[in-house]
Amino acid sequence: MRFLLDAEQRAFADSLHAMLTAADTPSVLRDWSRGDHTSGRALWARIAEAGVFGLAVAEAYDGVGPLPVELAVAFVELGRHAVPGPLAETVAAAALLTEPGLAKRFLPPLVAGETMATLAAARYALDGDAATLHLALSPDGLRLSPGPGPARRCLDPARRLTPLAPGGELLTPDPPLRQAVTWARLATAAQALGVGLALLDTTVAYVRQRTQFGVPVGSFQAVKHRLADAKIVLEFARPLVFGAALTMDPADVAAAKLSACEAAYATARTALQLHGAIGYTAEYDLSLWLTRARALRTAWGGPDECRDLVLGAGRGRW
C-alpha cells in the first residue's frame with residue numbers, strides 16, 4: 001500500500017514549511033530555552049492561524065476536524081523545524097475536553113491559539129511555565145490545576161518540565177484518557193519523523209561541503225552507507241505514521257511512534273558522528289534537533305511501552 005499525500009495536503013505542508021522557515025525557529029528555540037516565551041508565543045499564534053490546532057477539534061467548537069492525517073502532516077513540519085512548546089500536550093487536551101460543556105468552554109480559545117495547554121499525566125507537565133491551561137490527571141479524574149511549580153530543564157533545553165499544583169477544579173471524573181494518549185502519540189511520532197528528516201537533510205548538506213584529502217567526505221563509501229541507512233529507517237517510518245493516522249488504532253499509533261522515534265534517534269546518532277566535533281557544541285544549531293530527537297523518544301511512552309502495546313502486553317493500558 002502506498003501512502004501519498006494529495007495535492008491539498010502537500011500544499012498545506014509546503015505553506016507551513018515556508019512559514020516556519022521564515023520564522024527562524026532556531027532563534028525562537030534559544031529564546032524559549034532561556035525562559036523568554038515572547039517569540040515562541042508569536043509563532044504559536046501563527047501556527048494556530050494556519051489551522052493546525054483546529055485539526056484536532058470538531059467544527060462545533062471552531063475546529064475543522066478531527067482530521068488525524070492532516071494533523072500528522074502538520075506535525076511533521078513542526079518537528080522538521082523543532083518548534084518549541086507543548087504541542088502534543090495541546091492536542092491531548094483537545095482530545096480530553098470532549099464533553100460538550102468543557103469543549104464549549106475550553107476548545108475555541110485553544111483552536112485560536114489564545115490558549116496553550118499542557119497536561120501532567122504523571123508528576124510533571126511540559127512547559128507549564130509557558131502554558132495558560134494546566135490540566136492534571138488525578139486519581140479522581142481530570143482537574144484544572146491552579147498553576148505550575150518551578151521549571152526544570154530536561155535533556156532538550158527547550159523542553160522545560162514543571163510540576164503542577166495539586167487540587168483545582170474537577171473537570172470530569174472519567175476523561176477519555178486512551179483517546180487523548182493516542183492523539184498525543186500520533187503528534188509525537190509525526191514530530192519525530194520531521195526531526196529525523198531535518199537531521200538527514202542537514203547532514204547531507206554538511207558532508208557535501210566538508211572536505212578531507214581534497215574531496216567532500218560525502219563521497220566516501222562509509223559515509224554514504226550511514227546516510228542510506230538513515231534514509232531507509234525514516235522511509236519505513238513514514239507510512240507507519242500516516243497509516244496510523246488513518247486507523248487511529250492505539251496499537252498502530254504505538255507502532256508508528258516506536259518506528260518514527262527510533263528512526264529519528266538513529267539518524268541523530270549518524271548526524272552527530274558525521275558532523276564530528278562540531279556536532280557536540282551547543283552553539284551549533286544541529287544540537288537543537290539532536291536533543292529533540294532524544295527527548296521525543298521517551299515522550300508519551302518510551303520504546304518498551306510502545307513495543308508492549310504493539311505485541312498485546314499493553315492491552316488495557318494507555
# chains A, B, ... in the order shown; residues from 1 in each chain; ligands from 1
>>> residues_around(residues="stretch 54-64 of chain A", least_positions_apart="4", cutoff="6 Å", atoms="only C-alpha atoms", output="number ranges by chain")
A: 71, 108, 111
>>> select_by_dssp(residues="stretch 95-207 of chain A", states="strand (DSSP E)", output="PDB file with C-alpha atoms, in the first residue's frame")
ATOM      1  CA  ALA A 117      -2.387  23.802  27.097  1.00  0.00           C
ATOM      2  CA  THR A 118      -0.196  21.397  28.990  1.00  0.00           C
ATOM      3  CA  LEU A 119      -1.018  18.178  30.751  1.00  0.00           C
ATOM      4  CA  ALA A 120       0.514  16.358  33.697  1.00  0.00           C
ATOM      5  CA  TYR A 124       5.494  16.760  35.548  1.00  0.00           C
ATOM      6  CA  ALA A 125       3.943  18.772  32.733  1.00  0.00           C
ATOM      7  CA  LEU A 126       5.818  20.087  29.721  1.00  0.00           C
ATOM      8  CA  LEU A 133      -4.202  25.989  30.582  1.00  0.00           C
ATOM      9  CA  HIS A 134      -2.857  23.475  33.104  1.00  0.00           C
ATOM     10  CA  LEU A 135      -4.568  20.081  33.192  1.00  0.00           C
ATOM     11  CA  ALA A 136      -3.657  17.385  35.674  1.00  0.00           C
ATOM     12  CA  LEU A 137      -4.749  13.764  35.846  1.00  0.00           C
ATOM     13  CA  SER A 138      -5.532  12.797  39.418  1.00  0.00           C
ATOM     14  CA  GLY A 141     -10.277  12.454  37.256  1.00  0.00           C
ATOM     15  CA  LEU A 142      -9.143  15.436  35.227  1.00  0.00           C
ATOM     16  CA  ARG A 143      -8.513  18.642  37.160  1.00  0.00           C
ATOM     17  CA  LEU A 144      -7.795  22.227  36.210  1.00  0.00           C
ATOM     18  CA  ARG A 152      13.248  22.156  35.497  1.00  0.00           C
ATOM     19  CA  ARG A 153      15.363  21.622  32.419  1.00  0.00           C
ATOM     20  CA  ARG A 160      11.041  22.606  30.440  1.00  0.00           C
ATOM     21  CA  LEU A 161       9.360  20.291  32.944  1.00  0.00           C
ATOM     22  CA  THR A 162       7.179  21.739  35.693  1.00  0.00           C
ATOM     23  CA  PRO A 163       5.195  20.127  38.488  1.00  0.00           C
ATOM     24  CA  GLU A 169     -11.446  22.397  39.767  1.00  0.00           C
ATOM     25  CA  LEU A 170     -12.530  18.848  38.912  1.00  0.00           C
ATOM     26  CA  LEU A 171     -13.483  18.982  35.231  1.00  0.00           C
ATOM     27  CA  THR A 172     -14.555  15.386  34.695  1.00  0.00           C
TER      28      THR A 172
END
>>> select_by_dssp(residues="stretch 113-265 of chain A", states="alpha helix (DSSP H)", output="PyMOL selection string")
chain A and resi 177-209+221-247+250-265
>>> residues_around(residues="A:Thr291", least_positions_apart="4", cutoff="7 Å", atoms="only C-alpha atoms", output="list of chain:residue names")
A:Leu155, A:Asp156, A:Ser287, A:Ala295
>>> residues_around(residues="A:Leu274", least_positions_apart="6", cutoff="9 Å", atoms="only C-alpha atoms", output="list in words")
Thr203, Tyr206, Val207, Val217, Val223 and Arg226 of chain A
>>> closest_residue(among="A:Leu296, A:Val52, A:Val83, A:Ala277", to="A:Asp24", atoms="only C-alpha atoms")
A:Val83
>>> closest_residue(among="A:Pro175, A:Pro216, A:Gly279, A:Gly194", to="A:Ala263", atoms="only C-alpha atoms")
A:Gly194
>>> residues_around(residues="A:Leu97", least_positions_apart="4", cutoff="9 Å", atoms="only C-alpha atoms", output="number ranges by chain")
A: 92-93, 101-104, 106-107, 171-172, 175-176
>>> write_last_selection(atoms="C-alpha atoms", output="PDB file, in the first residue's frame")
ATOM      1  CA  ALA A  92      -4.081  15.717  24.060  1.00  0.00           C
ATOM      2  CA  ALA A  93      -6.039  18.442  25.851  1.00  0.00           C
ATOM      3  CA  GLY A 101     -19.761  21.788  28.334  1.00  0.00           C
ATOM      4  CA  LEU A 102     -15.990  21.519  28.643  1.00  0.00           C
ATOM      5  CA  ALA A 103     -15.487  21.652  24.884  1.00  0.00           C
ATOM      6  CA  LYS A 104     -17.505  24.848  24.546  1.00  0.00           C
ATOM      7  CA  PHE A 106     -12.016  25.469  26.502  1.00  0.00           C
ATOM      8  CA  LEU A 107     -11.668  24.451  22.862  1.00  0.00           C
ATOM      9  CA  LEU A 171     -13.483  18.982  35.231  1.00  0.00           C
ATOM     10  CA  THR A 172     -14.555  15.386  34.695  1.00  0.00           C
ATOM     11  CA  PRO A 175     -11.691  11.634  30.974  1.00  0.00           C
ATOM     12  CA  PRO A 176     -11.192   9.802  27.639  1.00  0.00           C
TER      13      PRO A 176
END
>>> closest_residue(among="A:Ala48, A:Gly147, A:Val181, A:Ala198", to="A:Asp285", atoms="only C-alpha atoms")
A:Ala198
>>> atom_distance(atom1="atom CA of A:Thr270", atom2="atom CA of A:Arg297")
15.9 Å
>>> closest_atom_pairs(of="stretch 28-126 of chain A", to="stretch 3-14 of chain A", cutoff="8 Å", atoms="only C-alpha atoms", output="Markdown table")
| residue | atom | partner | partner_atom | distance |
| --- | --- | --- | --- | --- |
| A:Glu70 | CA | A:Gln9 | CA | 6.8 |
| A:Val73 | CA | A:Ala13 | CA | 6.3 |
| A:Ala74 | CA | A:Ala13 | CA | 6.2 |
| A:Glu77 | CA | A:Ala13 | CA | 6.7 |
>>> closest_residue(among="A:Ala112, A:Ala251, A:Val69, A:Leu290", to="A:Arg238", atoms="only C-alpha atoms")
A:Val69
>>> closest_residue(among="A:Trp44, A:Gly168, A:Ala299, A:His275", to="A:Thr211", atoms="only C-alpha atoms")
A:His275
>>> closest_residue(among="A:Arg294, A:Arg41, A:Arg178, A:Arg208", to="A:Ala254", atoms="only C-alpha atoms")
A:Arg178
>>> atom_distance(atom1="atom CA of A:Pro148", atom2="atom CA of A:Gly35")
14.0 Å
>>> residues_around(residues="A:Pro303", least_positions_apart="2", cutoff="12 Å", atoms="only C-alpha atoms", output="list in words")
Arg185, Ala189, Ala254, Ala255, Ala256, Lys257, Leu258, Ser259, Ala260, Cys261, Glu262, Ala263, Tyr265, Arg294, Leu296, Arg297, Thr298, Ala299, Trp300, Gly301, Glu305, Cys306, Arg307, Asp308, Leu309 and Val310 of chain A
